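Enquirer: Sending over my_file.cif (mmCIF, N, CA and C atoms).
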```cif
data_entry
#
loop_
_atom_site.label_atom_id
_atom_site.label_comp_id
_atom_site.auth_asym_id
_atom_site.auth_seq_id
_atom_site.Cartn_x
_atom_site.Cartn_y
_atom_site.Cartn_z
N MET A 1 90.42 18.65 167.31
CA MET A 1 89.51 19.35 166.43
C MET A 1 88.43 18.38 165.96
N THR A 2 87.18 18.74 166.07
CA THR A 2 86.08 17.90 165.62
C THR A 2 85.72 18.29 164.20
N LEU A 3 85.69 17.28 163.34
CA LEU A 3 85.30 17.48 161.95
C LEU A 3 83.87 16.98 161.80
N GLU A 4 82.95 17.84 161.39
CA GLU A 4 81.55 17.45 161.38
C GLU A 4 80.93 17.66 160.01
N ASN A 5 79.88 16.89 159.74
CA ASN A 5 79.11 17.07 158.52
C ASN A 5 77.83 17.84 158.85
N LYS A 6 76.93 17.92 157.89
CA LYS A 6 75.71 18.70 158.11
C LYS A 6 74.82 18.11 159.19
N LEU A 7 74.97 16.83 159.46
CA LEU A 7 74.17 16.20 160.51
C LEU A 7 74.84 16.34 161.87
N ASN A 8 75.91 17.11 161.94
CA ASN A 8 76.69 17.31 163.16
C ASN A 8 77.27 16.00 163.71
N ARG A 9 77.49 15.05 162.81
CA ARG A 9 78.20 13.83 163.20
C ARG A 9 79.65 14.03 162.81
N PRO A 10 80.57 13.68 163.67
CA PRO A 10 81.98 13.90 163.33
C PRO A 10 82.45 13.00 162.19
N TYR A 11 83.22 13.58 161.30
CA TYR A 11 83.89 12.75 160.29
C TYR A 11 84.92 11.91 161.01
N ARG A 12 85.18 10.75 160.50
CA ARG A 12 86.05 9.81 161.19
C ARG A 12 87.54 10.06 160.94
N SER A 13 87.84 10.91 159.95
CA SER A 13 89.25 11.16 159.65
C SER A 13 89.42 12.48 158.91
N LYS A 14 90.65 12.94 158.87
CA LYS A 14 90.97 14.14 158.09
C LYS A 14 90.70 13.89 156.61
N GLY A 15 90.99 12.67 156.13
CA GLY A 15 90.73 12.33 154.72
C GLY A 15 89.26 12.47 154.37
N GLU A 16 88.38 11.98 155.24
CA GLU A 16 86.95 12.12 154.99
C GLU A 16 86.55 13.60 154.99
N HIS A 17 87.12 14.36 155.88
CA HIS A 17 86.81 15.79 155.93
C HIS A 17 87.24 16.48 154.63
N GLN A 18 88.42 16.12 154.11
CA GLN A 18 88.88 16.70 152.85
C GLN A 18 87.93 16.34 151.71
N ILE A 19 87.49 15.09 151.66
CA ILE A 19 86.58 14.66 150.61
C ILE A 19 85.27 15.43 150.71
N ALA A 20 84.72 15.55 151.91
CA ALA A 20 83.46 16.28 152.11
C ALA A 20 83.60 17.74 151.69
N ASN A 21 84.72 18.36 152.04
CA ASN A 21 84.94 19.75 151.64
C ASN A 21 84.97 19.90 150.12
N LEU A 22 85.66 18.97 149.45
CA LEU A 22 85.72 19.04 147.99
C LEU A 22 84.34 18.87 147.37
N LEU A 23 83.60 17.87 147.83
CA LEU A 23 82.25 17.67 147.29
C LEU A 23 81.39 18.90 147.52
N GLY A 24 81.53 19.52 148.68
CA GLY A 24 80.79 20.74 148.97
C GLY A 24 81.19 21.89 148.05
N GLN A 25 82.49 22.05 147.82
CA GLN A 25 82.98 23.10 146.93
C GLN A 25 82.47 22.90 145.50
N LEU A 26 82.38 21.62 145.08
CA LEU A 26 81.90 21.31 143.73
C LEU A 26 80.38 21.29 143.64
N LYS A 27 79.73 21.49 144.78
CA LYS A 27 78.27 21.47 144.88
C LYS A 27 77.70 20.13 144.40
N ILE A 28 78.41 19.06 144.75
CA ILE A 28 77.95 17.71 144.45
C ILE A 28 77.21 17.20 145.68
N PRO A 29 75.92 16.95 145.55
CA PRO A 29 75.17 16.43 146.70
C PRO A 29 75.71 15.07 147.13
N PHE A 30 75.81 14.86 148.44
CA PHE A 30 76.27 13.57 148.94
C PHE A 30 75.60 13.25 150.26
N GLN A 31 75.64 11.98 150.58
CA GLN A 31 75.17 11.50 151.87
C GLN A 31 76.37 10.90 152.58
N TYR A 32 76.48 11.18 153.86
CA TYR A 32 77.58 10.66 154.66
C TYR A 32 77.10 9.44 155.43
N GLU A 33 77.75 8.33 155.22
CA GLU A 33 77.47 7.06 155.87
C GLU A 33 75.98 6.67 155.83
N PRO A 34 75.37 6.70 154.63
CA PRO A 34 73.96 6.29 154.54
C PRO A 34 73.83 4.77 154.57
N ASP A 35 72.61 4.29 154.74
CA ASP A 35 72.34 2.86 154.62
C ASP A 35 72.28 2.50 153.14
N ILE A 36 73.10 1.54 152.73
CA ILE A 36 73.08 1.03 151.36
C ILE A 36 72.79 -0.47 151.45
N TYR A 37 71.77 -0.91 150.76
CA TYR A 37 71.37 -2.32 150.79
C TYR A 37 72.07 -3.06 149.66
N LEU A 38 72.79 -4.11 150.02
CA LEU A 38 73.61 -4.85 149.07
C LEU A 38 73.34 -6.34 149.16
N LYS A 39 73.65 -7.00 148.06
CA LYS A 39 73.53 -8.45 148.01
C LYS A 39 74.89 -9.02 147.64
N GLU A 40 75.28 -10.07 148.35
CA GLU A 40 76.52 -10.78 148.04
C GLU A 40 76.18 -12.27 148.08
N GLY A 41 76.11 -12.89 146.90
CA GLY A 41 75.66 -14.27 146.85
C GLY A 41 74.21 -14.33 147.30
N ASN A 42 73.92 -15.19 148.25
CA ASN A 42 72.55 -15.32 148.78
C ASN A 42 72.32 -14.44 150.01
N ARG A 43 73.31 -13.71 150.40
CA ARG A 43 73.21 -12.90 151.62
C ARG A 43 72.92 -11.45 151.28
N ARG A 44 72.21 -10.81 152.18
CA ARG A 44 71.91 -9.38 152.04
C ARG A 44 72.53 -8.63 153.21
N TYR A 45 73.01 -7.42 152.91
CA TYR A 45 73.69 -6.62 153.91
C TYR A 45 73.21 -5.18 153.85
N ILE A 46 73.39 -4.47 154.94
CA ILE A 46 73.27 -3.02 154.96
C ILE A 46 74.67 -2.51 155.28
N TRP A 47 75.26 -1.80 154.32
CA TRP A 47 76.58 -1.20 154.52
C TRP A 47 76.43 0.30 154.61
N HIS A 48 77.46 0.94 155.14
CA HIS A 48 77.46 2.39 155.32
C HIS A 48 78.72 2.97 154.69
N PRO A 49 78.69 3.23 153.38
CA PRO A 49 79.89 3.80 152.77
C PRO A 49 80.17 5.18 153.33
N ASP A 50 81.40 5.60 153.23
CA ASP A 50 81.75 6.93 153.73
C ASP A 50 80.89 7.99 153.04
N PHE A 51 80.82 7.92 151.72
CA PHE A 51 80.05 8.91 150.95
C PHE A 51 79.27 8.20 149.86
N TYR A 52 78.06 8.68 149.66
CA TYR A 52 77.25 8.22 148.53
C TYR A 52 76.82 9.44 147.75
N LEU A 53 77.08 9.42 146.45
CA LEU A 53 76.71 10.51 145.55
C LEU A 53 75.50 10.05 144.74
N PRO A 54 74.28 10.37 145.17
CA PRO A 54 73.08 9.82 144.52
C PRO A 54 72.96 10.18 143.04
N GLN A 55 73.36 11.38 142.66
CA GLN A 55 73.23 11.77 141.25
C GLN A 55 74.10 10.92 140.34
N TYR A 56 75.16 10.36 140.88
CA TYR A 56 76.12 9.59 140.08
C TYR A 56 76.12 8.11 140.45
N HIS A 57 75.25 7.71 141.38
CA HIS A 57 75.19 6.33 141.87
C HIS A 57 76.60 5.83 142.20
N THR A 58 77.33 6.67 142.93
CA THR A 58 78.75 6.43 143.21
C THR A 58 78.98 6.41 144.72
N VAL A 59 79.81 5.47 145.12
CA VAL A 59 80.24 5.34 146.51
C VAL A 59 81.71 5.75 146.58
N ILE A 60 82.05 6.57 147.56
CA ILE A 60 83.45 6.91 147.82
C ILE A 60 83.81 6.39 149.20
N GLU A 61 84.85 5.61 149.25
CA GLU A 61 85.37 5.09 150.52
C GLU A 61 86.77 5.63 150.73
N TYR A 62 87.00 6.20 151.90
CA TYR A 62 88.35 6.58 152.28
C TYR A 62 88.95 5.39 153.01
N LEU A 63 89.95 4.79 152.41
CA LEU A 63 90.59 3.58 152.93
C LEU A 63 91.88 4.01 153.63
N GLY A 64 91.72 4.44 154.88
CA GLY A 64 92.79 5.13 155.57
C GLY A 64 93.85 4.30 156.25
N VAL A 65 93.68 2.98 156.31
CA VAL A 65 94.66 2.13 156.97
C VAL A 65 95.64 1.60 155.93
N THR A 66 96.92 1.66 156.22
CA THR A 66 97.92 1.14 155.29
C THR A 66 98.72 0.03 155.96
N GLY A 67 99.21 -0.88 155.13
CA GLY A 67 100.10 -1.93 155.61
C GLY A 67 99.43 -3.02 156.41
N ASN A 68 98.12 -3.21 156.24
CA ASN A 68 97.39 -4.23 156.98
C ASN A 68 96.69 -5.13 155.98
N GLN A 69 97.11 -6.38 155.88
CA GLN A 69 96.58 -7.31 154.89
C GLN A 69 95.08 -7.54 155.04
N THR A 70 94.61 -7.69 156.27
CA THR A 70 93.17 -7.91 156.51
C THR A 70 92.36 -6.71 156.03
N TYR A 71 92.84 -5.52 156.31
CA TYR A 71 92.15 -4.29 155.87
C TYR A 71 92.14 -4.20 154.34
N ASN A 72 93.27 -4.56 153.72
CA ASN A 72 93.34 -4.53 152.25
C ASN A 72 92.35 -5.51 151.63
N GLU A 73 92.22 -6.68 152.23
CA GLU A 73 91.25 -7.67 151.73
C GLU A 73 89.83 -7.15 151.89
N MET A 74 89.55 -6.49 153.01
CA MET A 74 88.23 -5.90 153.22
C MET A 74 87.96 -4.81 152.18
N ALA A 75 88.96 -4.01 151.86
CA ALA A 75 88.80 -2.95 150.87
C ALA A 75 88.51 -3.54 149.49
N GLU A 76 89.20 -4.62 149.14
CA GLU A 76 88.96 -5.29 147.86
C GLU A 76 87.55 -5.87 147.82
N ARG A 77 87.10 -6.43 148.93
CA ARG A 77 85.74 -6.98 148.99
C ARG A 77 84.72 -5.86 148.81
N LYS A 78 84.94 -4.73 149.46
CA LYS A 78 84.02 -3.60 149.30
C LYS A 78 83.87 -3.24 147.83
N GLN A 79 85.00 -3.10 147.15
CA GLN A 79 84.94 -2.73 145.74
C GLN A 79 84.18 -3.78 144.93
N ARG A 80 84.46 -5.05 145.18
CA ARG A 80 83.79 -6.14 144.46
C ARG A 80 82.28 -6.12 144.70
N VAL A 81 81.88 -5.98 145.96
CA VAL A 81 80.45 -6.04 146.30
C VAL A 81 79.71 -4.81 145.77
N TYR A 82 80.26 -3.63 145.95
CA TYR A 82 79.59 -2.44 145.42
C TYR A 82 79.46 -2.52 143.91
N THR A 83 80.51 -2.93 143.24
CA THR A 83 80.49 -3.03 141.78
C THR A 83 79.47 -4.08 141.34
N ALA A 84 79.43 -5.22 142.02
CA ALA A 84 78.47 -6.27 141.67
C ALA A 84 77.02 -5.81 141.87
N ASN A 85 76.82 -4.82 142.73
CA ASN A 85 75.49 -4.25 142.97
C ASN A 85 75.25 -2.99 142.16
N ASN A 86 76.06 -2.80 141.13
CA ASN A 86 75.91 -1.70 140.16
C ASN A 86 76.15 -0.31 140.72
N TYR A 87 77.00 -0.21 141.73
CA TYR A 87 77.44 1.09 142.22
C TYR A 87 78.81 1.39 141.62
N ASN A 88 79.03 2.63 141.27
CA ASN A 88 80.38 3.06 140.93
C ASN A 88 81.15 3.16 142.23
N PHE A 89 82.39 2.74 142.22
CA PHE A 89 83.19 2.71 143.45
C PHE A 89 84.46 3.50 143.27
N ILE A 90 84.71 4.42 144.19
CA ILE A 90 85.97 5.16 144.22
C ILE A 90 86.59 4.92 145.59
N GLY A 91 87.74 4.27 145.60
CA GLY A 91 88.46 4.03 146.84
C GLY A 91 89.67 4.94 146.90
N LEU A 92 89.81 5.67 147.97
CA LEU A 92 90.92 6.61 148.12
C LEU A 92 91.79 6.21 149.31
N ARG A 93 93.08 6.14 149.08
CA ARG A 93 94.07 5.81 150.11
C ARG A 93 94.75 7.08 150.57
N PRO A 94 95.44 7.03 151.70
CA PRO A 94 96.18 8.22 152.17
C PRO A 94 97.16 8.75 151.12
N THR A 95 97.75 7.86 150.33
CA THR A 95 98.68 8.33 149.28
C THR A 95 97.94 9.14 148.23
N ASP A 96 96.67 8.79 147.96
CA ASP A 96 95.87 9.58 147.01
C ASP A 96 95.59 10.97 147.57
N MET A 97 95.42 11.06 148.89
CA MET A 97 95.09 12.33 149.51
C MET A 97 96.31 13.23 149.67
N ALA A 98 97.50 12.66 149.60
CA ALA A 98 98.72 13.45 149.74
C ALA A 98 99.01 14.21 148.45
N LYS A 99 98.52 13.68 147.34
CA LYS A 99 98.76 14.32 146.05
C LYS A 99 97.62 15.29 145.76
N ASP A 100 97.36 15.49 144.49
CA ASP A 100 96.26 16.34 144.05
C ASP A 100 94.98 15.53 144.08
N TYR A 101 94.47 15.27 145.28
CA TYR A 101 93.30 14.40 145.44
C TYR A 101 92.06 14.97 144.76
N GLN A 102 91.97 16.29 144.67
CA GLN A 102 90.81 16.90 144.04
C GLN A 102 90.69 16.44 142.58
N THR A 103 91.80 16.50 141.86
CA THR A 103 91.81 16.06 140.47
C THR A 103 91.52 14.57 140.38
N HIS A 104 92.08 13.78 141.28
CA HIS A 104 91.87 12.34 141.29
C HIS A 104 90.38 12.01 141.44
N ILE A 105 89.71 12.66 142.37
CA ILE A 105 88.29 12.41 142.61
C ILE A 105 87.46 12.83 141.40
N VAL A 106 87.72 14.02 140.88
CA VAL A 106 86.95 14.51 139.73
C VAL A 106 87.15 13.60 138.53
N LYS A 107 88.38 13.17 138.27
CA LYS A 107 88.62 12.27 137.13
C LYS A 107 87.93 10.93 137.33
N ALA A 108 87.92 10.42 138.55
CA ALA A 108 87.24 9.15 138.82
C ALA A 108 85.74 9.27 138.55
N ILE A 109 85.13 10.37 138.99
CA ILE A 109 83.70 10.58 138.72
C ILE A 109 83.48 10.71 137.22
N ASP A 110 84.32 11.48 136.53
CA ASP A 110 84.23 11.62 135.08
C ASP A 110 84.29 10.26 134.38
N ASN A 111 85.24 9.43 134.80
CA ASN A 111 85.39 8.11 134.17
C ASN A 111 84.15 7.26 134.36
N HIS A 112 83.56 7.29 135.55
CA HIS A 112 82.33 6.53 135.78
C HIS A 112 81.19 7.06 134.92
N LEU A 113 81.05 8.38 134.85
CA LEU A 113 79.97 8.96 134.05
C LEU A 113 80.15 8.64 132.58
N TYR A 114 81.39 8.73 132.09
CA TYR A 114 81.64 8.42 130.68
C TYR A 114 81.33 6.96 130.39
N GLY A 115 81.75 6.06 131.30
CA GLY A 115 81.47 4.63 131.12
C GLY A 115 79.98 4.35 131.12
N ASN A 116 79.24 4.99 132.02
CA ASN A 116 77.78 4.82 132.05
C ASN A 116 77.14 5.34 130.78
N PHE A 117 77.60 6.49 130.31
CA PHE A 117 77.05 7.07 129.09
C PHE A 117 77.34 6.17 127.89
N ARG A 118 78.55 5.64 127.81
CA ARG A 118 78.93 4.75 126.71
C ARG A 118 78.06 3.48 126.71
N ARG A 119 77.83 2.90 127.89
CA ARG A 119 76.97 1.71 127.97
C ARG A 119 75.54 2.05 127.56
N TYR A 120 75.06 3.21 127.97
CA TYR A 120 73.73 3.65 127.58
C TYR A 120 73.63 3.78 126.06
N ARG A 121 74.62 4.42 125.44
CA ARG A 121 74.61 4.61 123.99
C ARG A 121 74.63 3.27 123.26
N GLN A 122 75.41 2.32 123.75
CA GLN A 122 75.47 1.00 123.12
C GLN A 122 74.13 0.28 123.25
N THR A 123 73.53 0.38 124.41
CA THR A 123 72.25 -0.30 124.66
C THR A 123 71.14 0.27 123.81
N THR A 124 71.16 1.57 123.57
CA THR A 124 70.05 2.22 122.86
C THR A 124 70.36 2.48 121.38
N SER A 125 71.49 2.02 120.89
CA SER A 125 71.89 2.35 119.51
C SER A 125 70.87 1.88 118.47
N ASN A 126 70.25 0.74 118.65
CA ASN A 126 69.27 0.26 117.68
C ASN A 126 68.07 1.18 117.56
N TYR A 127 67.70 1.83 118.64
CA TYR A 127 66.54 2.70 118.62
C TYR A 127 66.83 4.04 117.95
N ARG A 128 68.05 4.47 117.97
CA ARG A 128 68.40 5.74 117.32
C ARG A 128 68.53 5.59 115.83
N ARG A 129 68.71 4.39 115.33
CA ARG A 129 68.89 4.17 113.88
C ARG A 129 67.57 4.17 113.14
N LYS A 130 66.47 4.07 113.83
CA LYS A 130 65.14 3.98 113.18
C LYS A 130 64.66 5.33 112.76
#
```
Please re-express this file's structure in structure tokens.

Expert:
Amino acid sequence: MTLENKLNRPYRSKGEHQIANLLGQLKIPFQYEPDIYLKEGNRRYIWHPDFYLPQYHTVIEYLGVTGNQTYNEMAERKQRVYTANNYNFIGLRPTDMAKDYQTHIVKAIDNHLYGNFRRYRQTTSNYRRK
């Protein structure tokens, strides 16, 4: 079975297909494997996250390999680099997808939005007191 997105490119896994379906059901605009320009130290990279949610400046990666130390280290690096470049990062493992993944994704987005709002309020608090 071929799992495809709006660009008729196949999704790479069932997990990615589930994530795309949920985002579509929630009417959350997303880009599948877009070019994201990142900096790590003095180096610059173009990465292609599984999903980018532009309205929320959030990257979702389906981390589908289990039990592989090299893959786990790569997943940790992804989170570190995206976060250092001011992207919200949601990493989903197969165990996350076996449960109520819809709630997990929605709560993760909520937490990022709340954190961003809280930082905004703290940054602008002096201006609201005038």

Enquirer: Go ahead and compute the interatomic distance for atom N of Pro94 (chain A) and atom N of Gly67 (chain A), in Å to one decimal.

Expert: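 Distance reported for this atom pair: 9.4 Å.
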
Enquirer: If DSSP is run on the backbone, what residues of chain A are strand (DSSP E)? A reply as JSON, numbers by chain would be ideal.

Expert: {"A": [31, 32, 36, 37, 38, 39, 40, 43, 44, 45, 46, 47, 51, 52, 53, 58, 59, 60, 61, 62, 88, 89, 90, 91, 92]}

Enquirer: Could you please determine the separation between atom C of Lys27 (chain A) and atom C of Ala84 (chain A) in Å, to one decimal place?

Expert: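 Distance between the two atoms: 26.1 Å.
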
Enquirer: Select, from A:Asn126, A:Gln102, A:Asn111, A:Gln69, the residue with the minimum atom-to-atom distance to Leu26 (chain A), counting only C-alpha atoms.

Expert: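 That would be A:Gln102, the residue with the smallest distance to Leu26 (chain A).
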
Enquirer: Measuring atom to atom with only C-alpha atoms, identify which of A:Thr66, A:Thr123, A:Asn72, A:Gln79 is nearest to Glu40 (chain A).

Expert: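 Among the listed residues, A:Gln79 lies closest to Glu40 (chain A).
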
Enquirer: Run DSSP on the backbone and tell me which residues of chain A come out as helix (DSSP H, G or I); list them as a compact mmCIF listing (two decimals) with N, CA and C atoms, keeping the file's coordinate frame.

Expert:
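What landed in states.txt:
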```
# COMPACT_ATOMS: atom_id res chain seq x y z
N LYS A 14 90.65 12.94 158.87
CA LYS A 14 90.97 14.14 158.09
C LYS A 14 90.70 13.89 156.61
N GLY A 15 90.99 12.67 156.13
CA GLY A 15 90.73 12.33 154.72
C GLY A 15 89.26 12.47 154.37
N GLU A 16 88.38 11.98 155.24
CA GLU A 16 86.95 12.12 154.99
C GLU A 16 86.55 13.60 154.99
N HIS A 17 87.12 14.36 155.88
CA HIS A 17 86.81 15.79 155.93
C HIS A 17 87.24 16.48 154.63
N GLN A 18 88.42 16.12 154.11
CA GLN A 18 88.88 16.70 152.85
C GLN A 18 87.93 16.34 151.71
N ILE A 19 87.49 15.09 151.66
CA ILE A 19 86.58 14.66 150.61
C ILE A 19 85.27 15.43 150.71
N ALA A 20 84.72 15.55 151.91
CA ALA A 20 83.46 16.28 152.11
C ALA A 20 83.60 17.74 151.69
N ASN A 21 84.72 18.36 152.04
CA ASN A 21 84.94 19.75 151.64
C ASN A 21 84.97 19.90 150.12
N LEU A 22 85.66 18.97 149.45
CA LEU A 22 85.72 19.04 147.99
C LEU A 22 84.34 18.87 147.37
N LEU A 23 83.60 17.87 147.83
CA LEU A 23 82.25 17.67 147.29
C LEU A 23 81.39 18.90 147.52
N GLY A 24 81.53 19.52 148.68
CA GLY A 24 80.79 20.74 148.97
C GLY A 24 81.19 21.89 148.05
N GLN A 25 82.49 22.05 147.82
CA GLN A 25 82.98 23.10 146.93
C GLN A 25 82.47 22.90 145.50
N PRO A 54 74.28 10.37 145.17
CA PRO A 54 73.08 9.82 144.52
C PRO A 54 72.96 10.18 143.04
N GLN A 55 73.36 11.38 142.66
CA GLN A 55 73.23 11.77 141.25
C GLN A 55 74.10 10.92 140.34
N TYR A 56 75.16 10.36 140.88
CA TYR A 56 76.12 9.59 140.08
C TYR A 56 76.12 8.11 140.45
N GLN A 69 97.11 -6.38 155.88
CA GLN A 69 96.58 -7.31 154.89
C GLN A 69 95.08 -7.54 155.04
N THR A 70 94.61 -7.69 156.27
CA THR A 70 93.17 -7.91 156.51
C THR A 70 92.36 -6.71 156.03
N TYR A 71 92.84 -5.52 156.31
CA TYR A 71 92.15 -4.29 155.87
C TYR A 71 92.14 -4.20 154.34
N ASN A 72 93.27 -4.56 153.72
CA ASN A 72 93.34 -4.53 152.25
C ASN A 72 92.35 -5.51 151.63
N GLU A 73 92.22 -6.68 152.23
CA GLU A 73 91.25 -7.67 151.73
C GLU A 73 89.83 -7.15 151.89
N MET A 74 89.55 -6.49 153.01
CA MET A 74 88.23 -5.90 153.22
C MET A 74 87.96 -4.81 152.18
N ALA A 75 88.96 -4.01 151.86
CA ALA A 75 88.80 -2.95 150.87
C ALA A 75 88.51 -3.54 149.49
N GLU A 76 89.20 -4.62 149.14
CA GLU A 76 88.96 -5.29 147.86
C GLU A 76 87.55 -5.87 147.82
N ARG A 77 87.10 -6.43 148.93
CA ARG A 77 85.74 -6.98 148.99
C ARG A 77 84.72 -5.86 148.81
N LYS A 78 84.94 -4.73 149.46
CA LYS A 78 84.02 -3.60 149.30
C LYS A 78 83.87 -3.24 147.83
N GLN A 79 85.00 -3.10 147.15
CA GLN A 79 84.94 -2.73 145.74
C GLN A 79 84.18 -3.78 144.93
N ARG A 80 84.46 -5.05 145.18
CA ARG A 80 83.79 -6.14 144.46
C ARG A 80 82.28 -6.12 144.70
N VAL A 81 81.88 -5.98 145.96
CA VAL A 81 80.45 -6.04 146.30
C VAL A 81 79.71 -4.81 145.77
N TYR A 82 80.26 -3.63 145.95
CA TYR A 82 79.59 -2.44 145.42
C TYR A 82 79.46 -2.52 143.91
N THR A 83 80.51 -2.93 143.24
CA THR A 83 80.49 -3.03 141.78
C THR A 83 79.47 -4.08 141.34
N ALA A 84 79.43 -5.22 142.02
CA ALA A 84 78.47 -6.27 141.67
C ALA A 84 77.02 -5.81 141.87
N PRO A 94 95.44 7.03 151.70
CA PRO A 94 96.18 8.22 152.17
C PRO A 94 97.16 8.75 151.12
N THR A 95 97.75 7.86 150.33
CA THR A 95 98.68 8.33 149.28
C THR A 95 97.94 9.14 148.23
N ASP A 96 96.67 8.79 147.96
CA ASP A 96 95.87 9.58 147.01
C ASP A 96 95.59 10.97 147.57
N MET A 97 95.42 11.06 148.89
CA MET A 97 95.09 12.33 149.51
C MET A 97 96.31 13.23 149.67
N ALA A 98 97.50 12.66 149.60
CA ALA A 98 98.72 13.45 149.74
C ALA A 98 99.01 14.21 148.45
N TYR A 101 94.47 15.27 145.28
CA TYR A 101 93.30 14.40 145.44
C TYR A 101 92.06 14.97 144.76
N GLN A 102 91.97 16.29 144.67
CA GLN A 102 90.81 16.90 144.04
C GLN A 102 90.69 16.44 142.58
N THR A 103 91.80 16.50 141.86
CA THR A 103 91.81 16.06 140.47
C THR A 103 91.52 14.57 140.38
N HIS A 104 92.08 13.78 141.28
CA HIS A 104 91.87 12.34 141.29
C HIS A 104 90.38 12.01 141.44
N ILE A 105 89.71 12.66 142.37
CA ILE A 105 88.29 12.41 142.61
C ILE A 105 87.46 12.83 141.40
N VAL A 106 87.72 14.02 140.88
CA VAL A 106 86.95 14.51 139.73
C VAL A 106 87.15 13.60 138.53
N LYS A 107 88.38 13.17 138.27
CA LYS A 107 88.62 12.27 137.13
C LYS A 107 87.93 10.93 137.33
N ALA A 108 87.92 10.42 138.55
CA ALA A 108 87.24 9.15 138.82
C ALA A 108 85.74 9.27 138.55
N ILE A 109 85.13 10.37 138.99
CA ILE A 109 83.70 10.58 138.72
C ILE A 109 83.48 10.71 137.22
N ASP A 110 84.32 11.48 136.53
CA ASP A 110 84.23 11.62 135.08
C ASP A 110 84.29 10.26 134.38
N ASN A 111 85.24 9.43 134.80
CA ASN A 111 85.39 8.11 134.17
C ASN A 111 84.15 7.26 134.36
N HIS A 112 83.56 7.29 135.55
CA HIS A 112 82.33 6.53 135.78
C HIS A 112 81.19 7.06 134.92
N LEU A 113 81.05 8.38 134.85
CA LEU A 113 79.97 8.96 134.05
C LEU A 113 80.15 8.64 132.58
N TYR A 114 81.39 8.73 132.09
CA TYR A 114 81.64 8.42 130.68
C TYR A 114 81.33 6.96 130.39
N GLY A 115 81.75 6.06 131.30
CA GLY A 115 81.47 4.63 131.12
C GLY A 115 79.98 4.35 131.12
N ASN A 116 79.24 4.99 132.02
CA ASN A 116 77.78 4.82 132.05
C ASN A 116 77.14 5.34 130.78
N PHE A 117 77.60 6.49 130.31
CA PHE A 117 77.05 7.07 129.09
C PHE A 117 77.34 6.17 127.89
N ARG A 118 78.55 5.64 127.81
CA ARG A 118 78.93 4.75 126.71
C ARG A 118 78.06 3.48 126.71
N ARG A 119 77.83 2.90 127.89
CA ARG A 119 76.97 1.71 127.97
C ARG A 119 75.54 2.05 127.56
N TYR A 120 75.06 3.21 127.97
CA TYR A 120 73.73 3.65 127.58
C TYR A 120 73.63 3.78 126.06
N ARG A 121 74.62 4.42 125.44
CA ARG A 121 74.61 4.61 123.99
C ARG A 121 74.63 3.27 123.26
N GLN A 122 75.41 2.32 123.75
CA GLN A 122 75.47 1.00 123.12
C GLN A 122 74.13 0.28 123.25
N THR A 123 73.53 0.38 124.41
CA THR A 123 72.25 -0.30 124.66
C THR A 123 71.14 0.27 123.81
N THR A 124 71.16 1.57 123.57
CA THR A 124 70.05 2.22 122.86
C THR A 124 70.36 2.48 121.38
N SER A 125 71.49 2.02 120.89
CA SER A 125 71.89 2.35 119.51
C SER A 125 70.87 1.88 118.47
N ASN A 126 70.25 0.74 118.65
CA ASN A 126 69.27 0.26 117.68
C ASN A 126 68.07 1.18 117.56
N TYR A 127 67.70 1.83 118.64
CA TYR A 127 66.54 2.70 118.62
C TYR A 127 66.83 4.04 117.95
N ARG A 128 68.05 4.47 117.97
CA ARG A 128 68.40 5.74 117.32
C ARG A 128 68.53 5.59 115.83
```

Enquirer: To one decimal place in Å, what is the distance between CA of Tyr120 (chain A) and atom C of Tyr52 (chain A)?

Expert: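 We find that CA of Tyr120 (chain A) and atom C of Tyr52 (chain A) lie 21.2 Å from each other.
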
Enquirer: Residues around (88.9, 2.5, 150.8), cut-off 6.5 Å, counting all atoms listed in the file - what are they as an MDAnalysis selection string?

Expert: chainID A and resid 61:64 75 90:93

Enquirer: Apply the PyMOL selection byres ((chain A and resi 54-56) around 6) to the structure shown and report the selected residues as a VMD selection string.

Expert: chain A and resid 29 to 31 52 to 53 57 to 58

Enquirer: Tell me which protein, DNA and RNA residues are within 7 Å of Val81 (chain A), counting only N, CA and C atoms, leaving out same-chain ones fewer than 5 positions away, and put them as a PyMOL selection string.

Expert: chain A and resi 38-40+76+86-87

Enquirer: Running the PyMOL selection byres (((chain A and resi 45 and name CA) around 12) and name CA) on this model by hand, what would come out? Give it as a ChimeraX atom specification.

Expert: /A:35-44,46-48,78,81-82,85

Enquirer: Care to translate the PyMOL selection byres (((chain A and resi 13 and name CA) around 10) and name CA) into actual residues of this file, as a list in words?

Expert: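 For this structure, the PyMOL selection byres (((chain A and resi 13 and name CA) around 10) and name CA) resolves to Thr2, Leu3, Pro10, Tyr11, Arg12, Lys14, Gly15, Glu16, His17, Gln18, Tyr62 and Gly64 of chain A.
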